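Here's upload_36.cif, which has mmCIF, C-alpha atoms:
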data_protein
loop_
_atom_site.group_PDB
_atom_site.id
_atom_site.type_symbol
_atom_site.label_atom_id
_atom_site.label_comp_id
_atom_site.auth_asym_id
_atom_site.auth_seq_id
_atom_site.Cartn_x
_atom_site.Cartn_y
_atom_site.Cartn_z
ATOM 1 C CA MET A 21 -18.354 -20.186 14.963
ATOM 2 C CA THR A 22 -15.641 -21.971 16.930
ATOM 3 C CA MET A 23 -11.908 -21.564 16.422
ATOM 4 C CA ARG A 24 -11.818 -25.071 14.878
ATOM 5 C CA ASP A 25 -14.277 -24.017 12.201
ATOM 6 C CA GLU A 26 -12.398 -20.897 11.128
ATOM 7 C CA VAL A 27 -10.433 -20.850 7.909
ATOM 8 C CA ALA A 28 -7.087 -19.599 9.228
ATOM 9 C CA THR A 29 -5.731 -22.845 10.645
ATOM 10 C CA PRO A 30 -3.330 -25.186 8.834
ATOM 11 C CA ARG A 31 -5.781 -28.086 9.002
ATOM 12 C CA ARG A 32 -8.832 -26.225 7.693
ATOM 13 C CA THR A 33 -6.850 -24.401 4.983
ATOM 14 C CA LYS A 34 -5.378 -27.674 3.693
ATOM 15 C CA GLU A 35 -8.784 -29.360 3.840
ATOM 16 C CA ILE A 36 -10.444 -26.592 1.773
ATOM 17 C CA ILE A 37 -7.618 -26.538 -0.781
ATOM 18 C CA GLN A 38 -7.650 -30.326 -1.199
ATOM 19 C CA ARG A 39 -11.425 -30.624 -1.384
ATOM 20 C CA HIS A 40 -11.623 -28.035 -4.163
ATOM 21 C CA GLY A 41 -8.517 -29.311 -5.971
ATOM 22 C CA PHE A 42 -6.971 -25.845 -5.752
ATOM 23 C CA SER A 43 -3.366 -25.302 -6.848
ATOM 24 C CA PHE A 44 -1.379 -22.153 -6.078
ATOM 25 C CA LYS A 45 -0.385 -19.842 -8.907
ATOM 26 C CA LYS A 46 3.030 -18.326 -8.281
ATOM 27 C CA SER A 47 2.269 -15.626 -10.874
ATOM 28 C CA LEU A 48 -0.551 -14.311 -8.625
ATOM 29 C CA GLY A 49 1.603 -14.224 -5.491
ATOM 30 C CA GLN A 50 -0.778 -16.495 -3.560
ATOM 31 C CA ASN A 51 0.240 -17.111 0.079
ATOM 32 C CA PHE A 52 -2.645 -17.884 2.436
ATOM 33 C CA LEU A 53 -2.531 -16.876 6.120
ATOM 34 C CA ILE A 54 -2.989 -19.689 8.633
ATOM 35 C CA ASP A 55 -2.460 -17.832 11.923
ATOM 36 C CA GLN A 56 -5.325 -16.461 14.027
ATOM 37 C CA ASN A 57 -3.052 -14.187 16.064
ATOM 38 C CA ILE A 58 -1.708 -12.335 13.007
ATOM 39 C CA LEU A 59 -5.213 -12.003 11.567
ATOM 40 C CA GLY A 60 -6.334 -10.490 14.860
ATOM 41 C CA LYS A 61 -3.544 -7.903 14.699
ATOM 42 C CA ILE A 62 -4.448 -6.952 11.118
ATOM 43 C CA VAL A 63 -8.149 -6.527 11.874
ATOM 44 C CA GLY A 64 -7.453 -4.750 15.172
ATOM 45 C CA ALA A 65 -5.230 -2.178 13.429
ATOM 46 C CA ALA A 66 -8.087 -1.331 11.041
ATOM 47 C CA GLU A 67 -10.273 -0.044 13.919
ATOM 48 C CA LEU A 68 -13.485 -1.444 12.445
ATOM 49 C CA ASP A 69 -16.996 -1.529 13.843
ATOM 50 C CA LYS A 70 -20.474 -2.170 12.450
ATOM 51 C CA SER A 71 -20.809 1.426 11.197
ATOM 52 C CA LYS A 72 -17.729 0.982 8.990
ATOM 53 C CA GLY A 73 -16.868 -0.816 5.777
ATOM 54 C CA ALA A 74 -13.816 -2.801 4.690
ATOM 55 C CA LEU A 75 -12.416 -3.311 1.203
ATOM 56 C CA GLU A 76 -10.274 -6.429 0.916
ATOM 57 C CA ILE A 77 -7.978 -7.064 -2.046
ATOM 58 C CA GLY A 78 -7.069 -10.675 -2.769
ATOM 59 C CA PRO A 79 -9.209 -12.555 -0.233
ATOM 60 C CA GLY A 80 -7.826 -15.970 -1.240
ATOM 61 C CA ILE A 81 -9.974 -18.583 0.524
ATOM 62 C CA GLY A 82 -11.522 -16.063 2.911
ATOM 63 C CA ALA A 83 -9.462 -16.308 6.133
ATOM 64 C CA LEU A 84 -9.177 -12.546 6.597
ATOM 65 C CA THR A 85 -12.572 -11.903 4.975
ATOM 66 C CA GLU A 86 -14.221 -13.981 7.673
ATOM 67 C CA LYS A 87 -12.608 -11.875 10.424
ATOM 68 C CA LEU A 88 -13.557 -8.631 8.671
ATOM 69 C CA ALA A 89 -17.168 -9.796 8.363
ATOM 70 C CA GLN A 90 -17.290 -10.348 12.117
ATOM 71 C CA GLN A 91 -16.167 -6.744 12.796
ATOM 72 C CA ALA A 92 -17.386 -4.511 9.939
ATOM 73 C CA GLY A 93 -20.876 -3.648 8.770
ATOM 74 C CA ARG A 94 -20.020 -4.202 5.104
ATOM 75 C CA VAL A 95 -17.167 -6.019 3.341
ATOM 76 C CA ALA A 96 -16.323 -5.926 -0.362
ATOM 77 C CA ALA A 97 -13.608 -8.373 -1.429
ATOM 78 C CA VAL A 98 -11.968 -8.108 -4.867
ATOM 79 C CA GLU A 99 -10.493 -11.395 -6.142
ATOM 80 C CA ILE A 100 -8.700 -11.721 -9.489
ATOM 81 C CA ASP A 101 -8.553 -15.553 -9.542
ATOM 82 C CA GLN A 102 -11.833 -17.008 -10.797
ATOM 83 C CA ARG A 103 -10.942 -20.442 -9.363
ATOM 84 C CA LEU A 104 -11.354 -19.038 -5.837
ATOM 85 C CA LEU A 105 -14.914 -17.759 -6.315
ATOM 86 C CA PRO A 106 -16.722 -21.034 -5.454
ATOM 87 C CA ILE A 107 -14.502 -21.484 -2.381
ATOM 88 C CA LEU A 108 -15.290 -17.959 -1.193
ATOM 89 C CA GLU A 109 -18.994 -18.491 -1.833
ATOM 90 C CA GLU A 110 -18.915 -21.569 0.401
ATOM 91 C CA VAL A 111 -16.722 -20.142 3.179
ATOM 92 C CA LEU A 112 -18.539 -16.818 3.371
ATOM 93 C CA GLU A 113 -22.070 -18.197 3.104
ATOM 94 C CA PRO A 114 -22.838 -17.284 6.763
ATOM 95 C CA TYR A 115 -22.007 -13.606 6.080
ATOM 96 C CA PRO A 116 -24.584 -11.827 3.883
ATOM 97 C CA GLN A 117 -22.799 -8.486 4.467
ATOM 98 C CA VAL A 118 -19.865 -9.686 2.311
ATOM 99 C CA HIS A 119 -19.831 -9.108 -1.449
ATOM 100 C CA VAL A 120 -17.117 -10.822 -3.497
ATOM 101 C CA ILE A 121 -16.206 -9.031 -6.731
ATOM 102 C CA HIS A 122 -14.331 -10.857 -9.467
ATOM 103 C CA GLY A 123 -11.830 -8.423 -10.956
ATOM 104 C CA ASP A 124 -8.414 -6.779 -10.985
ATOM 105 C CA VAL A 125 -8.311 -3.913 -8.485
ATOM 106 C CA LEU A 126 -5.845 -2.027 -10.696
ATOM 107 C CA LYS A 127 -8.475 -1.904 -13.460
ATOM 108 C CA LEU A 128 -11.564 -1.193 -11.330
ATOM 109 C CA ASP A 129 -13.248 2.199 -10.968
ATOM 110 C CA LEU A 130 -12.764 2.532 -7.220
ATOM 111 C CA HIS A 131 -15.018 5.569 -6.855
ATOM 112 C CA ALA A 132 -17.889 3.620 -8.454
ATOM 113 C CA LEU A 133 -17.115 0.631 -6.223
ATOM 114 C CA PHE A 134 -17.213 2.803 -3.077
ATOM 115 C CA ALA A 135 -20.470 4.433 -4.194
ATOM 116 C CA SER A 136 -22.180 1.068 -4.710
ATOM 117 C CA GLU A 137 -20.680 -0.945 -1.838
ATOM 118 C CA PHE A 138 -20.194 1.517 1.014
ATOM 119 C CA LYS A 139 -22.917 4.159 0.663
ATOM 120 C CA GLU A 140 -24.269 3.360 4.139
ATOM 121 C CA CYS A 141 -20.861 3.210 5.875
ATOM 122 C CA GLU A 142 -19.539 6.093 7.971
ATOM 123 C CA LYS A 143 -15.905 5.228 7.230
ATOM 124 C CA VAL A 144 -14.084 2.681 5.063
ATOM 125 C CA SER A 145 -10.678 1.018 5.403
ATOM 126 C CA VAL A 146 -8.710 -1.195 3.047
ATOM 127 C CA VAL A 147 -7.555 -4.368 4.794
ATOM 128 C CA ALA A 148 -5.600 -6.949 2.820
ATOM 129 C CA ASN A 149 -2.849 -9.518 2.522
ATOM 130 C CA LEU A 150 -1.538 -8.046 -0.730
ATOM 131 C CA PRO A 151 0.203 -9.984 -3.492
ATOM 132 C CA TYR A 152 3.788 -8.777 -3.080
ATOM 133 C CA TYR A 153 4.499 -8.354 -6.794
ATOM 134 C CA VAL A 154 1.892 -5.558 -7.134
ATOM 135 C CA THR A 155 2.040 -3.984 -3.662
ATOM 136 C CA THR A 156 3.273 -0.543 -4.702
ATOM 137 C CA PRO A 157 0.965 -0.033 -7.737
ATOM 138 C CA ILE A 158 -2.079 -1.032 -5.661
ATOM 139 C CA LEU A 159 -1.203 1.189 -2.700
ATOM 140 C CA MET A 160 -0.367 4.190 -4.884
ATOM 141 C CA LYS A 161 -3.664 3.789 -6.776
ATOM 142 C CA LEU A 162 -5.546 3.735 -3.453
ATOM 143 C CA LEU A 163 -3.672 6.764 -2.085
ATOM 144 C CA GLU A 164 -3.780 8.873 -5.249
ATOM 145 C CA ALA A 165 -7.466 8.234 -5.979
ATOM 146 C CA GLY A 166 -8.726 10.592 -3.273
ATOM 147 C CA LEU A 167 -11.039 7.946 -1.830
ATOM 148 C CA PRO A 168 -12.821 8.514 1.504
ATOM 149 C CA LEU A 169 -10.494 6.133 3.346
ATOM 150 C CA GLU A 170 -9.730 5.985 7.060
ATOM 151 C CA ASN A 171 -6.967 3.357 7.163
ATOM 152 C CA ILE A 172 -5.078 1.080 4.823
ATOM 153 C CA VAL A 173 -3.874 -1.966 6.756
ATOM 154 C CA VAL A 174 -1.897 -4.396 4.643
ATOM 155 C CA MET A 175 0.438 -7.345 4.880
ATOM 156 C CA ILE A 176 3.361 -6.627 2.572
ATOM 157 C CA GLN A 177 7.036 -7.473 2.136
ATOM 158 C CA LYS A 178 8.960 -6.338 5.243
ATOM 159 C CA GLU A 179 11.549 -4.449 3.202
ATOM 160 C CA VAL A 180 8.843 -2.442 1.406
ATOM 161 C CA ALA A 181 7.048 -1.678 4.692
ATOM 162 C CA GLU A 182 10.291 -0.359 6.164
ATOM 163 C CA ARG A 183 10.824 1.875 3.134
ATOM 164 C CA MET A 184 7.310 3.288 3.445
ATOM 165 C CA ALA A 185 7.773 4.136 7.131
ATOM 166 C CA ALA A 186 11.386 5.374 6.910
ATOM 167 C CA GLY A 187 12.409 8.904 7.876
ATOM 168 C CA PRO A 188 15.214 10.968 6.293
ATOM 169 C CA GLY A 189 18.809 9.884 6.691
ATOM 170 C CA GLY A 190 18.676 6.106 6.237
ATOM 171 C CA LYS A 191 19.135 3.840 3.258
ATOM 172 C CA GLU A 192 15.447 2.769 3.382
ATOM 173 C CA TYR A 193 14.258 6.365 2.865
ATOM 174 C CA GLY A 194 13.445 7.183 -0.740
ATOM 175 C CA SER A 195 10.821 8.352 -3.201
ATOM 176 C CA LEU A 196 8.378 5.660 -1.999
ATOM 177 C CA SER A 197 8.708 6.920 1.617
ATOM 178 C CA ILE A 198 7.890 10.455 0.499
ATOM 179 C CA ALA A 199 4.952 9.441 -1.699
ATOM 180 C CA VAL A 200 3.363 7.316 1.037
ATOM 181 C CA GLN A 201 3.959 9.947 3.753
ATOM 182 C CA TYR A 202 2.526 12.715 1.561
ATOM 183 C CA TYR A 203 -0.823 10.897 1.562
ATOM 184 C CA SER A 204 -0.750 9.035 4.890
ATOM 185 C CA GLU A 205 0.886 8.427 8.257
ATOM 186 C CA PRO A 206 2.586 5.006 8.152
ATOM 187 C CA GLU A 207 3.065 2.815 11.209
ATOM 188 C CA LEU A 208 4.560 -0.690 11.351
ATOM 189 C CA VAL A 209 2.117 -2.956 13.227
ATOM 190 C CA CYS A 210 4.154 -6.169 13.410
ATOM 191 C CA ILE A 211 6.766 -8.306 11.678
ATOM 192 C CA VAL A 212 5.397 -11.621 10.395
ATOM 193 C CA PRO A 213 7.386 -14.891 10.113
ATOM 194 C CA HIS A 214 7.383 -17.117 7.009
ATOM 195 C CA SER A 215 5.733 -19.922 8.966
ATOM 196 C CA VAL A 216 2.247 -18.351 9.127
ATOM 197 C CA PHE A 217 1.596 -18.827 5.387
ATOM 198 C CA ILE A 218 0.760 -21.695 3.051
ATOM 199 C CA PRO A 219 2.916 -21.857 0.943
ATOM 200 C CA GLN A 220 5.696 -20.058 2.810
ATOM 201 C CA PRO A 221 7.044 -16.990 0.954
ATOM 202 C CA ASN A 222 10.771 -16.483 0.389
ATOM 203 C CA VAL A 223 10.755 -13.025 1.993
ATOM 204 C CA GLU A 224 9.923 -11.661 5.433
ATOM 205 C CA SER A 225 6.577 -9.922 5.797
ATOM 206 C CA ALA A 226 5.164 -7.076 7.859
ATOM 207 C CA VAL A 227 1.797 -5.520 8.601
ATOM 208 C CA ILE A 228 1.714 -1.764 8.063
ATOM 209 C CA ARG A 229 -1.083 0.716 8.783
ATOM 210 C CA LEU A 230 -1.373 3.855 6.675
ATOM 211 C CA LYS A 231 -3.644 6.398 8.368
ATOM 212 C CA VAL A 232 -4.937 8.330 5.374
ATOM 213 C CA ARG A 233 -4.508 12.082 5.714
ATOM 214 C CA SER A 234 -7.440 14.433 5.063
ATOM 215 C CA ALA A 235 -4.912 16.783 3.410
ATOM 216 C CA PRO A 236 -1.175 16.569 2.644
ATOM 217 C CA PRO A 237 1.141 17.817 5.418
ATOM 218 C CA VAL A 238 2.871 20.235 3.003
ATOM 219 C CA ALA A 239 1.565 22.721 0.425
ATOM 220 C CA VAL A 240 2.952 22.171 -3.075
ATOM 221 C CA THR A 241 2.297 24.384 -6.081
ATOM 222 C CA GLU A 242 1.889 21.457 -8.458
ATOM 223 C CA GLU A 243 1.693 17.859 -7.218
ATOM 224 C CA ALA A 244 2.894 16.193 -10.408
ATOM 225 C CA PHE A 245 5.994 18.394 -10.483
ATOM 226 C CA PHE A 246 6.658 17.809 -6.764
ATOM 227 C CA PHE A 247 6.805 14.055 -7.381
ATOM 228 C CA GLU A 248 8.935 14.566 -10.477
ATOM 229 C CA VAL A 249 11.478 16.534 -8.432
ATOM 230 C CA VAL A 250 11.506 13.761 -5.807
ATOM 231 C CA GLN A 251 12.063 11.075 -8.466
ATOM 232 C CA ALA A 252 14.846 13.127 -10.094
ATOM 233 C CA ALA A 253 16.536 13.761 -6.738
ATOM 234 C CA PHE A 254 16.746 10.005 -6.022
ATOM 235 C CA ALA A 255 17.660 9.015 -9.614
ATOM 236 C CA GLN A 256 21.199 8.071 -8.547
ATOM 237 C CA ARG A 257 21.390 7.794 -4.782
ATOM 238 C CA ARG A 258 25.154 8.306 -4.556
ATOM 239 C CA LYS A 259 25.002 11.600 -6.415
ATOM 240 C CA THR A 260 24.394 14.943 -4.743
ATOM 241 C CA ILE A 261 21.039 16.687 -5.050
ATOM 242 C CA SER A 262 22.749 19.260 -7.278
ATOM 243 C CA ASN A 263 24.074 16.651 -9.729
ATOM 244 C CA ASN A 264 20.803 14.742 -9.950
ATOM 245 C CA LEU A 265 18.698 17.870 -10.500
ATOM 246 C CA LYS A 266 21.144 19.267 -13.063
ATOM 247 C CA SER A 267 20.889 16.061 -15.132
ATOM 248 C CA ARG A 268 17.086 16.239 -15.151
ATOM 249 C CA PHE A 269 16.186 19.922 -15.254
ATOM 250 C CA PHE A 270 19.278 21.867 -16.350
ATOM 251 C CA PRO A 271 20.970 19.819 -19.102
ATOM 252 C CA GLY A 272 23.445 21.879 -21.103
ATOM 253 C CA GLU A 273 23.275 24.807 -18.677
ATOM 254 C CA GLY A 274 25.835 26.034 -16.201
ATOM 255 C CA ARG A 275 25.409 25.134 -12.544
ATOM 256 C CA GLU A 276 25.020 28.724 -11.291
ATOM 257 C CA ARG A 277 21.252 29.010 -11.798
ATOM 258 C CA LEU A 278 20.535 25.670 -10.132
ATOM 259 C CA GLU A 279 22.747 26.465 -7.137
ATOM 260 C CA SER A 280 21.093 29.875 -6.778
ATOM 261 C CA LEU A 281 17.660 28.182 -6.639
ATOM 262 C CA LEU A 282 18.921 25.579 -4.152
ATOM 263 C CA ALA A 283 20.194 28.414 -1.948
ATOM 264 C CA GLU A 284 16.799 30.113 -2.224
ATOM 265 C CA ALA A 285 15.186 26.872 -1.038
ATOM 266 C CA GLY A 286 17.694 26.660 1.832
ATOM 267 C CA ILE A 287 19.337 23.453 0.583
ATOM 268 C CA GLU A 288 23.084 22.846 0.366
ATOM 269 C CA PRO A 289 24.004 21.594 -3.147
ATOM 270 C CA ALA A 290 26.288 18.880 -1.724
ATOM 271 C CA ARG A 291 23.486 17.155 0.215
ATOM 272 C CA ARG A 292 22.056 13.858 -0.962
ATOM 273 C CA ALA A 293 18.345 13.262 -1.522
ATOM 274 C CA GLU A 294 17.963 10.880 1.439
ATOM 275 C CA THR A 295 18.784 13.730 3.851
ATOM 276 C CA LEU A 296 15.905 15.953 2.698
ATOM 277 C CA SER A 297 12.623 15.959 4.621
ATOM 278 C CA LEU A 298 9.179 16.050 3.039
ATOM 279 C CA GLU A 299 9.001 19.768 3.921
ATOM 280 C CA GLU A 300 12.335 20.455 2.212
ATOM 281 C CA PHE A 301 11.243 18.655 -0.953
ATOM 282 C CA ALA A 302 8.056 20.757 -0.979
ATOM 283 C CA LYS A 303 10.079 23.971 -0.609
ATOM 284 C CA LEU A 304 12.478 22.840 -3.337
ATOM 285 C CA SER A 305 9.774 21.923 -5.857
ATOM 286 C CA ASN A 306 7.872 25.154 -5.174
ATOM 287 C CA THR A 307 11.067 27.212 -5.662
ATOM 288 C CA LEU A 308 11.910 25.482 -8.944
ATOM 289 C CA HIS A 309 8.332 25.792 -10.164
ATOM 290 C CA ALA A 310 8.189 29.498 -9.330
ATOM 291 C CA ALA A 311 11.362 29.986 -11.382
ATOM 292 C CA GLY A 312 9.660 28.509 -14.442
ATOM 293 C CA ILE A 313 11.183 25.037 -14.149
ATOM 294 C CA GLY A 314 8.676 22.253 -14.699
ATOM 295 C CA GLY A 315 4.886 22.344 -14.986
ATOM 296 C CA SER A 316 3.684 23.037 -18.517
ATOM 297 C CA LYS A 317 7.262 23.635 -19.645
ATOM 298 C CA LEU A 318 8.334 20.052 -18.981
#
For this file, write the structure as C-alpha cells.
Amino acid sequence: MTMRDEVATPRRTKEIIQRHGFSFKKSLGQNFLIDQNILGKIVGAAELDKSKGALEIGPGIGALTEKLAQQAGRVAAVEIDQRLLPILEEVLEPYPQVHVIHGDVLKLDLHALFASEFKECEKVSVVANLPYYVTTPILMKLLEAGLPLENIVVMIQKEVAERMAAGPGGKEYGSLSIAVQYYSEPELVCIVPHSVFIPQPNVESAVIRLKVRSAPPVAVTEEAFFFEVVQAAFAQRRKTISNNLKSRFFPGEGRERLESLLAEAGIEPARRAETLSLEEFAKLSNTLHAAGIGGSKL
C-alpha cells in the first residue's frame, strides 16, 4: 500500500468522509488524525511485532488501525459509533487480522475480550487516539482491571498527559498522577499540534506511554483506603495535609491524634499534598489503617 492510499492524509480522509456522508458528532469527541509522522510515533512507542496484539479504542475511520495492522499480529478495535462500521469494514478489508467490535469500552468485559481476541498473543498493548471527554475513566478502567498489558499508548489532552507524568512539587501533580504512577510508568512521547486533526480540537494534545507495572512500586495494606487517603489529601489543594485529613477522617476530634499519626508516618502536618511522594502516601495510608482509621470502619 502506498502512502497515497493510506487513510491518514487530509485528501483521503476528506474523500472517505464525503463519500460516506459522515458528519462529526461533537458529543463523541471525534477528531481524526491526518498525519503519518504522528501515527508513526504512536505505533513506534507501542513496541509491537507480529507476536503481539493491540487493542484500539475509538478507531474512527481506521487511520491508526491500519498502521497497527501492519505491525501487530492481532488488532481488536472497539468503536461506539455505529455509523463508522461500514467505513471501517471498507478501509480495513485488506487486513483479516483486525476485528472491529461495536460497543462502549466502558461497558465491555475486558477480560472476556482479551480471552477471545488475544489468546495467541504473547503481549498486548492498548493504542488509541482517545476521545478527550472520557480519557480518565477509560485509562483508569484499563489500569485497575489487572489486564495482561504491556503498554498503553494514547493520544490525550496535553494538560492531562502532563498531570499523569508529573512528579511531586508542581501544580500538575495530584491524585491522577499518583493513581497512574501506582499502576504504570508514564512517559510523554510527543506534543501534538492542532493542525494534525480533522476537525481541529480546541486544546493541545500529547502522546503518552504508560508502561504497565507487573506490581505496584509500593506496598499498601488496603488499596481502596490508600486511594481514599490520596483523594482526601488533595480535596482542597491550598490546605495543609493535616487540615484536609482532619476534615475527612477526624471530624469532631482534636488534632492531637492525627498529628501523632502524621509524625509516626514521618510527615510534617504543615506540608501540602502535592509535596508528598507515592512512597510517603503509602506510608501514610498504612499508618492510618493500622491505627484503625479507614477500611471496614469507613
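Taking atom CA of Ala181 of chain A and atom CA of Ala226 of chain A as the two end points, the separation is 6.5 Å.
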Evaluate the PyMOL selection byres ((chain A and resi 48-60) around 7) against this structure - the residues, as JSON, numbers by chain, please.
{"A": [28, 29, 30, 44, 45, 46, 47, 61, 62, 63, 64, 80, 83, 84, 151, 152, 153, 216, 217, 218, 219, 220, 221]}
Counting all atoms listed in the file, write as a PyMOL selection string all protein and nucleic acid residues lying at most 8 Å from (-8.9, -4.7, 9.4) in the file's frame.
chain A and resi 62-68+74+88+145-148+173
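When atom CA of His122 of chain A is paired with atom CA of Asn171 of chain A, their separation reads 23.1 Å.
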Written as a ChimeraX atom specification, what is the full residue list that the PyMOL selection byres ((chain A and resi 120) around 12) yields on the file shown?
/A:74-82,85-86,89,94-102,104-113,115-119,121-123,133,137
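Atom CA of Lys87 of chain A is found 18.6 Å from atom CA of Lys34 of chain A.
Within the file as shown, the PyMOL selection byres ((chain A and resi 184-186) around 8) identifies Val180, Ala181, Glu182, Arg183, Gly187, Pro188, Gly190, Glu192, Tyr193, Leu196, Ser197, Ile198, Val200, Gln201, Pro206, Glu207 and Leu208 of chain A.
Using all atoms listed in the file for every distance, the candidate list A:Ser234, A:Arg229, A:Arg275, A:Gly189 yields A:Gly189 as the residue closest to Arg291 of chain A.
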Could you give me the axis-aligned bounding box of segment 94-110 of chain A, with 4 Å of padding per side, as centre plus edge lengths in Å to one decimal, as JSON?
{"center_x": -14.3, "center_y": -12.9, "center_z": -2.8, "size_x": 19.5, "size_y": 25.4, "size_z": 23.9}
Would you please work out which residue, of A:Ser204, A:Asn306, A:Gln256, A:Asn263, is nearest to Lys231 of chain A when using only C-alpha atoms?
A:Ser204
Filled-in N, CA and C atoms of segment 182-193 of chain A, supplied as a PDB file, keeping the file's coordinate frame:
ATOM      1  N   GLU A 182       9.274  -1.191   5.529  1.00  0.00           N
ATOM      2  CA  GLU A 182      10.291  -0.359   6.164  1.00  0.00           C
ATOM      3  C   GLU A 182      10.605   0.873   5.316  1.00  0.00           C
ATOM      4  N   ARG A 183      10.598   0.715   4.012  1.00  0.00           N
ATOM      5  CA  ARG A 183      10.824   1.875   3.134  1.00  0.00           C
ATOM      6  C   ARG A 183       9.681   2.881   3.250  1.00  0.00           C
ATOM      7  N   MET A 184       8.465   2.385   3.343  1.00  0.00           N
ATOM      8  CA  MET A 184       7.310   3.288   3.445  1.00  0.00           C
ATOM      9  C   MET A 184       7.338   4.105   4.741  1.00  0.00           C
ATOM     10  N   ALA A 185       7.800   3.479   5.818  1.00  0.00           N
ATOM     11  CA  ALA A 185       7.773   4.136   7.131  1.00  0.00           C
ATOM     12  C   ALA A 185       9.056   4.907   7.453  1.00  0.00           C
ATOM     13  N   ALA A 186      10.069   4.810   6.596  1.00  0.00           N
ATOM     14  CA  ALA A 186      11.386   5.374   6.910  1.00  0.00           C
ATOM     15  C   ALA A 186      11.385   6.902   6.927  1.00  0.00           C
ATOM     16  N   GLY A 187      12.186   7.464   7.836  1.00  0.00           N
ATOM     17  CA  GLY A 187      12.409   8.904   7.876  1.00  0.00           C
ATOM     18  C   GLY A 187      13.713   9.249   7.186  1.00  0.00           C
ATOM     19  N   PRO A 188      13.994  10.541   6.988  1.00  0.00           N
ATOM     20  CA  PRO A 188      15.214  10.968   6.293  1.00  0.00           C
ATOM     21  C   PRO A 188      16.479  10.463   6.977  1.00  0.00           C
ATOM     22  N   GLY A 189      17.493  10.202   6.157  1.00  0.00           N
ATOM     23  CA  GLY A 189      18.809   9.884   6.691  1.00  0.00           C
ATOM     24  C   GLY A 189      19.248   8.448   6.554  1.00  0.00           C
ATOM     25  N   GLY A 190      18.310   7.528   6.329  1.00  0.00           N
ATOM     26  CA  GLY A 190      18.676   6.106   6.237  1.00  0.00           C
ATOM     27  C   GLY A 190      18.590   5.595   4.819  1.00  0.00           C
ATOM     28  N   LYS A 191      19.137   4.391   4.611  1.00  0.00           N
ATOM     29  CA  LYS A 191      19.135   3.840   3.258  1.00  0.00           C
ATOM     30  C   LYS A 191      17.737   3.394   2.814  1.00  0.00           C
ATOM     31  N   GLU A 192      16.817   3.164   3.762  1.00  0.00           N
ATOM     32  CA  GLU A 192      15.447   2.769   3.382  1.00  0.00           C
ATOM     33  C   GLU A 192      14.639   3.952   2.838  1.00  0.00           C
ATOM     34  N   TYR A 193      15.020   5.162   3.220  1.00  0.00           N
ATOM     35  CA  TYR A 193      14.258   6.365   2.865  1.00  0.00           C
ATOM     36  C   TYR A 193      14.464   6.691   1.392  1.00  0.00           C
TER      37      TYR A 193
END
